[in-house]
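Taking it in order: structure first as structure tokens, then the write-up.
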Amino acid sequence: MEPDNIIEAFTQVVREQDYVFSDDAIADLPTLQKNLAALKENLNSQAIAETIRQWYKNHKSVIDAMLVEEREISKVAKTKPQSQENTLENRYRVLQEEVQKLQERKKGDDKPN
């Protein structure tokens, strides 16, 4: 997978398919966040994609969702011009925010009614 496609696919999976994240994957999200935060001073697509890949290879259901999402990204031609969101810094910020939102949603799911 291309680094940009990995970042985009993972962001989409986090945003739209939170059901693929097992309890173990949710518990392991702080590790991903810490590793991504360590890249902040030296952002590049390859490093971000490799950090994501190293994290999700331990979570089979996430791998499966990533493969499907990446195929969709590869098939669908971009219909919109490059936008502000496509800059690396903004994609990094969006990725961090979406991972945080996923953790918060999943914590809310665990609360008794």
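Naming works like this for the structure tokens: A, B, ... for the chains as they're shown, residue 1 at the start of each chain, ligands 1 onward in shown order.
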Exercise for the section: For Asp64 of chain A, list every protein, DNA or RNA residue within 12 Å, evaluated using only C-alpha atoms, and leave out those in the same chain fewer than 4 positions away; present the list as a VMD selection string. Expected result: chain A and resid 9 to 10 13 17 20 to 21 56 to 60 68 to 71
Output file for the residues above (N, CA and C atoms, as a CSV table (one decimal), in the first residue's frame):
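That gives us result_12.csv:
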```csv
chain,number,residue,atom,x,y,z
A,9,ALA,N,-6.9,5.3,4.5
A,9,ALA,CA,-7.7,4.1,4.8
A,9,ALA,C,-7.9,4.0,6.3
A,10,PHE,N,-6.8,4.1,7.1
A,10,PHE,CA,-6.9,4.0,8.5
A,10,PHE,C,-7.8,5.0,9.1
A,13,VAL,N,-11.3,4.0,8.4
A,13,VAL,CA,-11.7,2.8,9.2
A,13,VAL,C,-12.0,3.3,10.7
A,17,GLN,N,-15.8,2.7,10.9
A,17,GLN,CA,-16.0,1.3,11.2
A,17,GLN,C,-15.4,1.0,12.6
A,20,VAL,N,-14.9,-2.6,14.1
A,20,VAL,CA,-13.9,-3.6,13.8
A,20,VAL,C,-12.8,-3.6,14.9
A,21,PHE,N,-12.9,-2.6,15.8
A,21,PHE,CA,-11.9,-2.5,16.9
A,21,PHE,C,-12.3,-3.3,18.1
A,56,TYR,N,-1.5,-1.9,13.5
A,56,TYR,CA,-2.6,-2.7,13.1
A,56,TYR,C,-2.3,-4.1,12.7
A,57,LYS,N,-1.0,-4.4,12.5
A,57,LYS,CA,-0.7,-5.8,12.2
A,57,LYS,C,-0.9,-6.8,13.3
A,58,ASN,N,-1.1,-6.2,14.5
A,58,ASN,CA,-1.4,-7.0,15.7
A,58,ASN,C,-2.9,-7.1,15.9
A,59,HIS,N,-3.7,-6.6,15.0
A,59,HIS,CA,-5.2,-6.6,15.2
A,59,HIS,C,-5.9,-7.0,13.9
A,60,LYS,N,-6.1,-8.3,13.8
A,60,LYS,CA,-6.6,-8.9,12.6
A,60,LYS,C,-7.9,-8.3,12.0
A,68,VAL,N,-9.8,-3.8,2.8
A,68,VAL,CA,-11.0,-3.5,2.1
A,68,VAL,C,-11.0,-2.0,1.7
A,69,GLU,N,-10.8,-1.2,2.7
A,69,GLU,CA,-10.8,0.3,2.6
A,69,GLU,C,-9.8,0.7,1.6
A,70,GLU,N,-8.6,0.1,1.6
A,70,GLU,CA,-7.5,0.5,0.7
A,70,GLU,C,-7.9,0.2,-0.7
A,71,ARG,N,-8.5,-1.0,-0.9
A,71,ARG,CA,-9.0,-1.3,-2.3
A,71,ARG,C,-10.0,-0.3,-2.8
```
Quick check for you: according to DSSP on this backbone, which residues of segment 11-69 of chain A are classed as alpha helix (DSSP H)? Reply as an mmCIF file with all heavy atoms, in the first residue's frame.
```cif
data_model
loop_
_atom_site.group_PDB
_atom_site.id
_atom_site.type_symbol
_atom_site.label_atom_id
_atom_site.label_comp_id
_atom_site.auth_asym_id
_atom_site.auth_seq_id
_atom_site.Cartn_x
_atom_site.Cartn_y
_atom_site.Cartn_z
ATOM 1 N N THR A 11 -7.667 6.259 8.634
ATOM 2 C CA THR A 11 -8.534 7.329 9.123
ATOM 3 C C THR A 11 -9.996 6.996 8.843
ATOM 4 O O THR A 11 -10.861 7.174 9.708
ATOM 5 C CB THR A 11 -8.141 8.682 8.491
ATOM 6 O OG1 THR A 11 -6.774 8.961 8.812
ATOM 7 C CG2 THR A 11 -9.011 9.816 9.001
ATOM 8 N N GLN A 12 -10.285 6.479 7.654
ATOM 9 C CA GLN A 12 -11.659 6.110 7.307
ATOM 10 C C GLN A 12 -12.169 4.954 8.165
ATOM 11 O O GLN A 12 -13.322 4.960 8.606
ATOM 12 C CB GLN A 12 -11.766 5.742 5.824
ATOM 13 C CG GLN A 12 -11.629 6.920 4.891
ATOM 14 C CD GLN A 12 -12.701 7.968 5.122
ATOM 15 O OE1 GLN A 12 -13.846 7.669 5.420
ATOM 16 N NE2 GLN A 12 -12.318 9.223 5.005
ATOM 17 N N VAL A 13 -11.314 3.960 8.405
ATOM 18 C CA VAL A 13 -11.727 2.822 9.235
ATOM 19 C C VAL A 13 -12.040 3.301 10.656
ATOM 20 O O VAL A 13 -13.056 2.933 11.235
ATOM 21 C CB VAL A 13 -10.643 1.717 9.237
ATOM 22 C CG1 VAL A 13 -10.926 0.667 10.301
ATOM 23 C CG2 VAL A 13 -10.551 1.056 7.859
ATOM 24 N N VAL A 14 -11.169 4.148 11.200
ATOM 25 C CA VAL A 14 -11.401 4.674 12.551
ATOM 26 C C VAL A 14 -12.691 5.481 12.592
ATOM 27 O O VAL A 14 -13.494 5.347 13.513
ATOM 28 C CB VAL A 14 -10.197 5.538 13.014
ATOM 29 C CG1 VAL A 14 -10.525 6.332 14.269
ATOM 30 C CG2 VAL A 14 -8.972 4.661 13.238
ATOM 31 N N ARG A 15 -12.903 6.304 11.578
ATOM 32 C CA ARG A 15 -14.055 7.208 11.537
ATOM 33 C C ARG A 15 -15.363 6.454 11.316
ATOM 34 O O ARG A 15 -16.377 6.775 11.920
ATOM 35 C CB ARG A 15 -13.830 8.226 10.420
ATOM 36 C CG ARG A 15 -14.861 9.329 10.337
ATOM 37 C CD ARG A 15 -14.565 10.271 9.195
ATOM 38 N NE ARG A 15 -13.443 11.142 9.535
ATOM 39 C CZ ARG A 15 -12.652 11.714 8.648
ATOM 40 N NH1 ARG A 15 -12.829 11.515 7.364
ATOM 41 N NH2 ARG A 15 -11.664 12.493 9.038
ATOM 42 N N GLU A 16 -15.351 5.443 10.432
ATOM 43 C CA GLU A 16 -16.608 4.853 9.968
ATOM 44 C C GLU A 16 -16.836 3.392 10.360
ATOM 45 O O GLU A 16 -17.928 2.880 10.162
ATOM 46 C CB GLU A 16 -16.676 4.972 8.442
ATOM 47 C CG GLU A 16 -16.652 6.417 7.975
ATOM 48 C CD GLU A 16 -16.518 6.568 6.474
ATOM 49 O OE1 GLU A 16 -16.479 5.539 5.754
ATOM 50 O OE2 GLU A 16 -16.444 7.717 6.020
ATOM 51 N N ASP A 23 -11.799 -5.100 21.866
ATOM 52 C CA ASP A 23 -11.418 -4.506 23.147
ATOM 53 C C ASP A 23 -9.901 -4.388 23.258
ATOM 54 O O ASP A 23 -9.382 -3.403 23.782
ATOM 55 C CB ASP A 23 -11.969 -5.328 24.316
ATOM 56 C CG ASP A 23 -13.490 -5.236 24.419
ATOM 57 O OD1 ASP A 23 -14.089 -4.306 23.831
ATOM 58 O OD2 ASP A 23 -14.079 -6.102 25.092
ATOM 59 N N ASP A 24 -9.176 -5.409 22.764
ATOM 60 C CA ASP A 24 -7.716 -5.360 22.792
ATOM 61 C C ASP A 24 -7.183 -4.224 21.925
ATOM 62 O O ASP A 24 -6.233 -3.539 22.310
ATOM 63 C CB ASP A 24 -7.113 -6.686 22.303
ATOM 64 C CG ASP A 24 -7.281 -7.808 23.314
ATOM 65 O OD1 ASP A 24 -7.547 -7.514 24.500
ATOM 66 O OD2 ASP A 24 -7.131 -8.974 22.913
ATOM 67 N N ALA A 25 -7.788 -4.035 20.759
ATOM 68 C CA ALA A 25 -7.350 -2.954 19.868
ATOM 69 C C ALA A 25 -7.602 -1.603 20.518
ATOM 70 O O ALA A 25 -6.743 -0.711 20.466
ATOM 71 C CB ALA A 25 -8.055 -3.050 18.519
ATOM 72 N N ILE A 26 -8.751 -1.453 21.159
ATOM 73 C CA ILE A 26 -9.065 -0.196 21.854
ATOM 74 C C ILE A 26 -8.066 0.032 22.981
ATOM 75 O O ILE A 26 -7.540 1.135 23.153
ATOM 76 C CB ILE A 26 -10.515 -0.205 22.391
ATOM 77 C CG1 ILE A 26 -11.521 -0.261 21.233
ATOM 78 C CG2 ILE A 26 -10.774 0.993 23.294
ATOM 79 C CD1 ILE A 26 -11.495 0.918 20.298
ATOM 80 N N ALA A 27 -7.771 -1.015 23.729
ATOM 81 C CA ALA A 27 -6.815 -0.890 24.834
ATOM 82 C C ALA A 27 -5.413 -0.546 24.331
ATOM 83 O O ALA A 27 -4.624 0.055 25.054
ATOM 84 C CB ALA A 27 -6.783 -2.182 25.647
ATOM 85 N N ASP A 28 -5.126 -0.902 23.082
ATOM 86 C CA ASP A 28 -3.800 -0.668 22.497
ATOM 87 C C ASP A 28 -3.704 0.684 21.775
ATOM 88 O O ASP A 28 -2.633 1.075 21.327
ATOM 89 C CB ASP A 28 -3.469 -1.818 21.532
ATOM 90 C CG ASP A 28 -1.996 -1.909 21.190
ATOM 91 O OD1 ASP A 28 -1.154 -1.471 22.002
ATOM 92 O OD2 ASP A 28 -1.684 -2.432 20.101
ATOM 93 N N LEU A 29 -4.808 1.413 21.668
ATOM 94 C CA LEU A 29 -4.783 2.714 20.985
ATOM 95 C C LEU A 29 -3.819 3.722 21.613
ATOM 96 O O LEU A 29 -3.172 4.474 20.885
ATOM 97 C CB LEU A 29 -6.188 3.306 20.879
ATOM 98 C CG LEU A 29 -7.084 2.698 19.805
ATOM 99 C CD1 LEU A 29 -8.488 3.264 19.907
ATOM 100 C CD2 LEU A 29 -6.513 2.924 18.412
ATOM 101 N N PRO A 30 -3.676 3.762 22.946
ATOM 102 C CA PRO A 30 -2.701 4.705 23.508
ATOM 103 C C PRO A 30 -1.267 4.468 22.990
ATOM 104 O O PRO A 30 -0.501 5.420 22.822
ATOM 105 C CB PRO A 30 -2.797 4.466 25.018
ATOM 106 C CG PRO A 30 -4.211 4.012 25.211
ATOM 107 C CD PRO A 30 -4.484 3.150 24.001
ATOM 108 N N THR A 31 -0.935 3.215 22.703
ATOM 109 C CA THR A 31 0.384 2.921 22.136
ATOM 110 C C THR A 31 0.515 3.573 20.762
ATOM 111 O O THR A 31 1.537 4.201 20.450
ATOM 112 C CB THR A 31 0.589 1.390 22.014
ATOM 113 O OG1 THR A 31 0.483 0.810 23.305
ATOM 114 C CG2 THR A 31 1.938 1.060 21.397
ATOM 115 N N LEU A 32 -0.526 3.438 19.950
ATOM 116 C CA LEU A 32 -0.518 4.080 18.631
ATOM 117 C C LEU A 32 -0.404 5.586 18.769
ATOM 118 O O LEU A 32 0.402 6.226 18.082
ATOM 119 C CB LEU A 32 -1.783 3.704 17.853
ATOM 120 C CG LEU A 32 -1.960 4.414 16.508
ATOM 121 C CD1 LEU A 32 -0.825 4.058 15.543
ATOM 122 C CD2 LEU A 32 -3.309 4.064 15.904
ATOM 123 N N GLN A 33 -1.187 6.166 19.666
ATOM 124 C CA GLN A 33 -1.150 7.615 19.857
ATOM 125 C C GLN A 33 0.240 8.082 20.291
ATOM 126 O O GLN A 33 0.744 9.089 19.804
ATOM 127 C CB GLN A 33 -2.191 8.047 20.881
ATOM 128 C CG GLN A 33 -3.602 7.917 20.359
ATOM 129 C CD GLN A 33 -4.628 8.243 21.410
ATOM 130 O OE1 GLN A 33 -4.638 7.624 22.472
ATOM 131 N NE2 GLN A 33 -5.474 9.211 21.125
ATOM 132 N N LYS A 34 0.857 7.343 21.195
ATOM 133 C CA LYS A 34 2.193 7.705 21.675
ATOM 134 C C LYS A 34 3.205 7.637 20.528
ATOM 135 O O LYS A 34 4.034 8.545 20.357
ATOM 136 C CB LYS A 34 2.615 6.767 22.803
ATOM 137 C CG LYS A 34 3.978 7.074 23.408
ATOM 138 C CD LYS A 34 4.359 6.055 24.453
ATOM 139 C CE LYS A 34 4.852 4.862 23.721
ATOM 140 N NZ LYS A 34 5.756 3.966 24.257
ATOM 141 N N ASN A 35 3.127 6.578 19.731
ATOM 142 C CA ASN A 35 4.059 6.419 18.617
ATOM 143 C C ASN A 35 3.847 7.483 17.546
ATOM 144 O O ASN A 35 4.812 7.976 16.954
ATOM 145 C CB ASN A 35 3.954 5.016 18.025
ATOM 146 C CG ASN A 35 4.434 3.948 18.988
ATOM 147 O OD1 ASN A 35 5.162 4.217 19.939
ATOM 148 N ND2 ASN A 35 4.007 2.719 18.767
ATOM 149 N N LEU A 36 2.601 7.843 17.296
ATOM 150 C CA LEU A 36 2.325 8.914 16.338
ATOM 151 C C LEU A 36 2.803 10.263 16.876
ATOM 152 O O LEU A 36 3.361 11.071 16.134
ATOM 153 C CB LEU A 36 0.828 8.979 16.007
ATOM 154 C CG LEU A 36 0.281 7.854 15.139
ATOM 155 C CD1 LEU A 36 -1.234 7.906 15.081
ATOM 156 C CD2 LEU A 36 0.878 7.904 13.731
ATOM 157 N N ALA A 37 2.591 10.495 18.155
ATOM 158 C CA ALA A 37 3.029 11.759 18.763
ATOM 159 C C ALA A 37 4.539 11.924 18.658
ATOM 160 O O ALA A 37 5.034 13.038 18.488
ATOM 161 C CB ALA A 37 2.578 11.829 20.215
ATOM 162 N N SER A 45 4.934 11.031 5.362
ATOM 163 C CA SER A 45 3.919 10.007 5.096
ATOM 164 C C SER A 45 4.428 8.608 5.376
ATOM 165 O O SER A 45 3.708 7.775 5.930
ATOM 166 C CB SER A 45 3.439 10.093 3.649
ATOM 167 O OG SER A 45 2.756 11.287 3.421
ATOM 168 N N GLN A 46 5.654 8.341 4.984
ATOM 169 C CA GLN A 46 6.214 7.004 5.153
ATOM 170 C C GLN A 46 6.276 6.617 6.632
ATOM 171 O O GLN A 46 5.896 5.511 7.014
ATOM 172 C CB GLN A 46 7.618 6.934 4.533
ATOM 173 C CG GLN A 46 8.180 5.532 4.488
ATOM 174 C CD GLN A 46 7.408 4.618 3.563
ATOM 175 O OE1 GLN A 46 6.981 5.024 2.490
ATOM 176 N NE2 GLN A 46 7.196 3.386 3.977
ATOM 177 N N ALA A 47 6.734 7.525 7.486
ATOM 178 C CA ALA A 47 6.853 7.229 8.916
ATOM 179 C C ALA A 47 5.480 7.039 9.559
ATOM 180 O O ALA A 47 5.290 6.127 10.380
ATOM 181 C CB ALA A 47 7.621 8.341 9.622
ATOM 182 N N ILE A 48 4.527 7.893 9.203
ATOM 183 C CA ILE A 48 3.179 7.762 9.760
ATOM 184 C C ILE A 48 2.552 6.435 9.324
ATOM 185 O O ILE A 48 1.998 5.703 10.136
ATOM 186 C CB ILE A 48 2.286 8.950 9.333
ATOM 187 C CG1 ILE A 48 2.804 10.249 9.966
ATOM 188 C CG2 ILE A 48 0.827 8.698 9.720
ATOM 189 C CD1 ILE A 48 2.146 11.495 9.429
ATOM 190 N N ALA A 49 2.671 6.120 8.026
ATOM 191 C CA ALA A 49 2.105 4.876 7.503
ATOM 192 C C ALA A 49 2.750 3.661 8.167
ATOM 193 O O ALA A 49 2.053 2.699 8.521
ATOM 194 C CB ALA A 49 2.280 4.811 5.990
ATOM 195 N N GLU A 50 4.049 3.699 8.364
ATOM 196 C CA GLU A 50 4.737 2.565 9.000
ATOM 197 C C GLU A 50 4.301 2.409 10.458
ATOM 198 O O GLU A 50 4.118 1.289 10.938
ATOM 199 C CB GLU A 50 6.249 2.731 8.906
ATOM 200 C CG GLU A 50 7.025 1.530 9.402
ATOM 201 C CD GLU A 50 6.683 0.225 8.685
ATOM 202 O OE1 GLU A 50 6.317 0.228 7.487
ATOM 203 O OE2 GLU A 50 6.778 -0.834 9.341
ATOM 204 N N THR A 51 4.108 3.501 11.157
ATOM 205 C CA THR A 51 3.632 3.450 12.542
ATOM 206 C C THR A 51 2.240 2.832 12.597
ATOM 207 O O THR A 51 1.966 1.972 13.442
ATOM 208 C CB THR A 51 3.626 4.869 13.154
ATOM 209 O OG1 THR A 51 4.964 5.369 13.146
ATOM 210 C CG2 THR A 51 3.088 4.865 14.568
ATOM 211 N N ILE A 52 1.370 3.249 11.691
ATOM 212 C CA ILE A 52 0.020 2.671 11.620
ATOM 213 C C ILE A 52 0.106 1.177 11.297
ATOM 214 O O ILE A 52 -0.540 0.353 11.944
ATOM 215 C CB ILE A 52 -0.834 3.417 10.570
ATOM 216 C CG1 ILE A 52 -1.111 4.849 11.039
ATOM 217 C CG2 ILE A 52 -2.130 2.654 10.283
ATOM 218 C CD1 ILE A 52 -1.704 5.743 9.960
ATOM 219 N N ARG A 53 0.908 0.836 10.304
ATOM 220 C CA ARG A 53 1.038 -0.563 9.874
ATOM 221 C C ARG A 53 1.554 -1.438 11.023
ATOM 222 O O ARG A 53 1.039 -2.530 11.259
ATOM 223 C CB ARG A 53 1.980 -0.667 8.678
ATOM 224 C CG ARG A 53 2.038 -2.061 8.084
ATOM 225 C CD ARG A 53 2.968 -2.170 6.886
ATOM 226 N NE ARG A 53 2.647 -1.192 5.876
ATOM 227 C CZ ARG A 53 3.535 -0.366 5.309
ATOM 228 N NH1 ARG A 53 4.804 -0.391 5.650
ATOM 229 N NH2 ARG A 53 3.163 0.484 4.391
ATOM 230 N N GLN A 54 2.569 -0.968 11.732
ATOM 231 C CA GLN A 54 3.110 -1.741 12.857
ATOM 232 C C GLN A 54 2.051 -1.956 13.939
ATOM 233 O O GLN A 54 2.014 -3.002 14.579
ATOM 234 C CB GLN A 54 4.341 -1.041 13.457
ATOM 235 C CG GLN A 54 5.559 -1.084 12.570
ATOM 236 C CD GLN A 54 6.016 -2.500 12.290
ATOM 237 O OE1 GLN A 54 6.059 -3.346 13.179
ATOM 238 N NE2 GLN A 54 6.338 -2.772 11.039
ATOM 239 N N TRP A 55 1.186 -0.973 14.120
ATOM 240 C CA TRP A 55 0.141 -1.097 15.127
ATOM 241 C C TRP A 55 -0.939 -2.079 14.678
ATOM 242 O O TRP A 55 -1.296 -2.998 15.405
ATOM 243 C CB TRP A 55 -0.478 0.267 15.439
ATOM 244 C CG TRP A 55 -1.512 0.177 16.515
ATOM 245 C CD1 TRP A 55 -1.297 0.229 17.861
ATOM 246 C CD2 TRP A 55 -2.911 -0.027 16.338
ATOM 247 N NE1 TRP A 55 -2.484 0.071 18.534
ATOM 248 C CE2 TRP A 55 -3.496 -0.088 17.613
ATOM 249 C CE3 TRP A 55 -3.733 -0.165 15.219
ATOM 250 C CZ2 TRP A 55 -4.857 -0.286 17.807
ATOM 251 C CZ3 TRP A 55 -5.100 -0.358 15.409
ATOM 252 C CH2 TRP A 55 -5.641 -0.425 16.696
ATOM 253 N N TYR A 56 -1.467 -1.892 13.479
ATOM 254 C CA TYR A 56 -2.630 -2.706 13.099
ATOM 255 C C TYR A 56 -2.280 -4.135 12.733
ATOM 256 O O TYR A 56 -3.150 -4.994 12.718
ATOM 257 C CB TYR A 56 -3.512 -2.026 12.040
ATOM 258 C CG TYR A 56 -3.029 -2.018 10.615
ATOM 259 C CD1 TYR A 56 -2.919 -3.180 9.865
ATOM 260 C CD2 TYR A 56 -2.736 -0.823 9.975
ATOM 261 C CE1 TYR A 56 -2.512 -3.159 8.547
ATOM 262 C CE2 TYR A 56 -2.331 -0.782 8.662
ATOM 263 C CZ TYR A 56 -2.212 -1.968 7.952
ATOM 264 O OH TYR A 56 -1.807 -1.945 6.644
ATOM 265 N N LYS A 60 -6.145 -8.334 13.819
ATOM 266 C CA LYS A 60 -6.618 -8.930 12.569
ATOM 267 C C LYS A 60 -7.868 -8.260 12.002
ATOM 268 O O LYS A 60 -7.939 -8.006 10.807
ATOM 269 C CB LYS A 60 -6.869 -10.426 12.761
ATOM 270 C CG LYS A 60 -7.327 -11.076 11.460
ATOM 271 C CD LYS A 60 -7.344 -12.554 11.521
ATOM 272 C CE LYS A 60 -7.834 -13.251 10.279
ATOM 273 N NZ LYS A 60 -8.133 -12.513 9.112
ATOM 274 N N SER A 61 -8.829 -7.972 12.840
ATOM 275 C CA SER A 61 -10.064 -7.373 12.317
ATOM 276 C C SER A 61 -9.788 -5.995 11.712
ATOM 277 O O SER A 61 -10.432 -5.594 10.739
ATOM 278 C CB SER A 61 -11.124 -7.273 13.406
ATOM 279 O OG SER A 61 -10.667 -6.446 14.468
ATOM 280 N N VAL A 62 -8.832 -5.286 12.258
ATOM 281 C CA VAL A 62 -8.467 -3.979 11.705
ATOM 282 C C VAL A 62 -7.735 -4.170 10.381
ATOM 283 O O VAL A 62 -7.966 -3.432 9.426
ATOM 284 C CB VAL A 62 -7.623 -3.166 12.716
ATOM 285 C CG1 VAL A 62 -7.214 -1.826 12.122
ATOM 286 C CG2 VAL A 62 -8.392 -2.954 14.018
ATOM 287 N N ILE A 63 -6.874 -5.185 10.305
ATOM 288 C CA ILE A 63 -6.166 -5.482 9.048
ATOM 289 C C ILE A 63 -7.177 -5.729 7.943
ATOM 290 O O ILE A 63 -7.060 -5.176 6.845
ATOM 291 C CB ILE A 63 -5.247 -6.712 9.191
ATOM 292 C CG1 ILE A 63 -4.070 -6.408 10.109
ATOM 293 C CG2 ILE A 63 -4.740 -7.180 7.825
ATOM 294 C CD1 ILE A 63 -3.222 -7.629 10.449
ATOM 295 N N ASP A 64 -8.164 -6.570 8.218
ATOM 296 C CA ASP A 64 -9.166 -6.897 7.207
ATOM 297 C C ASP A 64 -9.895 -5.640 6.723
ATOM 298 O O ASP A 64 -10.084 -5.436 5.520
ATOM 299 C CB ASP A 64 -10.169 -7.910 7.756
ATOM 300 C CG ASP A 64 -9.532 -9.270 8.052
ATOM 301 O OD1 ASP A 64 -8.423 -9.537 7.543
ATOM 302 O OD2 ASP A 64 -10.145 -10.053 8.796
ATOM 303 N N ALA A 65 -10.300 -4.797 7.654
ATOM 304 C CA ALA A 65 -10.994 -3.562 7.286
ATOM 305 C C ALA A 65 -10.078 -2.641 6.487
ATOM 306 O O ALA A 65 -10.515 -1.994 5.525
ATOM 307 C CB ALA A 65 -11.502 -2.850 8.542
ATOM 308 N N MET A 66 -8.809 -2.594 6.867
ATOM 309 C CA MET A 66 -7.842 -1.758 6.150
ATOM 310 C C MET A 66 -7.687 -2.215 4.704
ATOM 311 O O MET A 66 -7.645 -1.394 3.792
ATOM 312 C CB MET A 66 -6.473 -1.809 6.842
ATOM 313 C CG MET A 66 -6.384 -1.010 8.106
ATOM 314 S SD MET A 66 -6.396 0.764 7.792
ATOM 315 C CE MET A 66 -4.896 0.958 6.836
ATOM 316 N N LEU A 67 -7.588 -3.513 4.499
ATOM 317 C CA LEU A 67 -7.413 -4.030 3.143
ATOM 318 C C LEU A 67 -8.606 -3.684 2.259
ATOM 319 O O LEU A 67 -8.444 -3.273 1.107
ATOM 320 C CB LEU A 67 -7.176 -5.538 3.174
ATOM 321 C CG LEU A 67 -5.859 -5.980 3.806
ATOM 322 C CD1 LEU A 67 -5.811 -7.500 3.927
ATOM 323 C CD2 LEU A 67 -4.670 -5.453 3.030
ATOM 324 N N VAL A 68 -9.798 -3.838 2.816
ATOM 325 C CA VAL A 68 -11.012 -3.509 2.057
ATOM 326 C C VAL A 68 -11.039 -2.002 1.749
ATOM 327 O O VAL A 68 -11.301 -1.594 0.624
ATOM 328 C CB VAL A 68 -12.276 -3.941 2.829
ATOM 329 C CG1 VAL A 68 -13.533 -3.379 2.185
ATOM 330 C CG2 VAL A 68 -12.343 -5.459 2.917
ATOM 331 N N GLU A 69 -10.775 -1.191 2.742
ATOM 332 C CA GLU A 69 -10.815 0.262 2.567
ATOM 333 C C GLU A 69 -9.766 0.726 1.570
ATOM 334 O O GLU A 69 -10.030 1.567 0.714
ATOM 335 C CB GLU A 69 -10.603 0.963 3.918
ATOM 336 C CG GLU A 69 -10.873 2.441 3.889
ATOM 337 C CD GLU A 69 -12.324 2.794 3.638
ATOM 338 O OE1 GLU A 69 -13.226 2.066 4.090
ATOM 339 O OE2 GLU A 69 -12.563 3.812 2.961
#
```
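Residue nearest Glu104 of chain A within the list A:Glu2, A:Glu8, A:Asp18, A:Glu72: A:Asp18 [criterion: smallest interatomic distance, only C-alpha atoms].
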Practice task
Measure the distance from atom CA of Lys40 of chain A to atom CA of Arg93 of chain A in Å and round it to one decimal.
Solution key: 9.7 Å
Problem - Contact residues around Leu88 of chain A with only C-alpha atoms at 8 Å, ignoring same-chain residues under 2 positions, as a PyMOL selection string - result: chain A and resi 43-45+86+90-92
Next, dump the selected residues to file, keeping only all heavy atoms, as a tab-separated table (two decimals), in the first residue's frame.
```
chain	number	residue	atom	x	y	z
A	43	LEU	N	7.38	14.98	10.62
A	43	LEU	CA	6.27	14.35	9.91
A	43	LEU	C	6.65	13.99	8.49
A	43	LEU	O	7.18	14.81	7.74
A	43	LEU	CB	5.07	15.31	9.84
A	43	LEU	CG	4.25	15.49	11.10
A	43	LEU	CD1	3.08	16.42	10.81
A	43	LEU	CD2	3.75	14.18	11.64
A	44	ASN	N	6.37	12.74	8.13
A	44	ASN	CA	6.42	12.34	6.72
A	44	ASN	C	5.48	11.15	6.55
A	44	ASN	O	5.26	10.38	7.49
A	44	ASN	CB	7.85	12.05	6.25
A	44	ASN	CG	8.46	10.82	6.87
A	44	ASN	OD1	8.05	9.71	6.55
A	44	ASN	ND2	9.44	11.00	7.75
A	45	SER	N	4.93	11.03	5.36
A	45	SER	CA	3.92	10.01	5.10
A	45	SER	C	4.43	8.61	5.38
A	45	SER	O	3.71	7.77	5.93
A	45	SER	CB	3.44	10.09	3.65
A	45	SER	OG	2.76	11.29	3.42
A	86	ASN	N	-5.78	17.45	2.73
A	86	ASN	CA	-4.81	16.50	2.21
A	86	ASN	C	-3.37	16.86	2.53
A	86	ASN	O	-2.48	16.10	2.21
A	86	ASN	CB	-4.99	16.34	0.70
A	86	ASN	CG	-6.25	15.57	0.38
A	86	ASN	OD1	-6.70	14.76	1.17
A	86	ASN	ND2	-6.83	15.84	-0.76
A	90	ASN	N	-2.30	18.37	8.27
A	90	ASN	CA	-3.73	18.28	8.57
A	90	ASN	C	-4.21	16.84	8.64
A	90	ASN	O	-5.04	16.51	9.48
A	90	ASN	CB	-4.55	19.06	7.54
A	90	ASN	CG	-4.47	20.54	7.78
A	90	ASN	OD1	-4.20	21.00	8.88
A	90	ASN	ND2	-4.68	21.32	6.74
A	91	ARG	N	-3.68	15.97	7.77
A	91	ARG	CA	-4.07	14.56	7.85
A	91	ARG	C	-3.60	13.96	9.17
A	91	ARG	O	-4.30	13.15	9.76
A	91	ARG	CB	-3.51	13.76	6.68
A	91	ARG	CG	-4.27	14.03	5.40
A	91	ARG	CD	-3.83	13.14	4.30
A	91	ARG	NE	-2.40	13.35	4.10
A	91	ARG	CZ	-1.60	12.55	3.43
A	91	ARG	NH1	-2.09	11.48	2.87
A	91	ARG	NH2	-0.33	12.81	3.28
A	92	TYR	N	-2.42	14.35	9.62
A	92	TYR	CA	-1.91	13.89	10.91
A	92	TYR	C	-2.84	14.33	12.03
A	92	TYR	O	-3.22	13.54	12.89
A	92	TYR	CB	-0.50	14.45	11.12
A	92	TYR	CG	0.09	14.17	12.48
A	92	TYR	CD1	0.70	12.95	12.74
A	92	TYR	CD2	0.05	15.13	13.48
A	92	TYR	CE1	1.24	12.69	14.00
A	92	TYR	CE2	0.59	14.86	14.73
A	92	TYR	CZ	1.19	13.65	14.98
A	92	TYR	OH	1.73	13.39	16.22
```
Practice task
To one decimal in Å, tell me the separation between atom CA of Ile6 of chain A and atom CA of Glu89 of chain A.
Solution key: 15.3 Å
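Of the listed residues A:Leu39, A:Asn5, A:Ser22, A:Ser74, the one whose atoms come nearest to Gln96 of chain A is A:Leu39, with distances taken using only C-alpha atoms.
As for atom CA of Ile73 of chain A and atom CA of Lys106 of chain A, they are spaced 25.9 Å apart.
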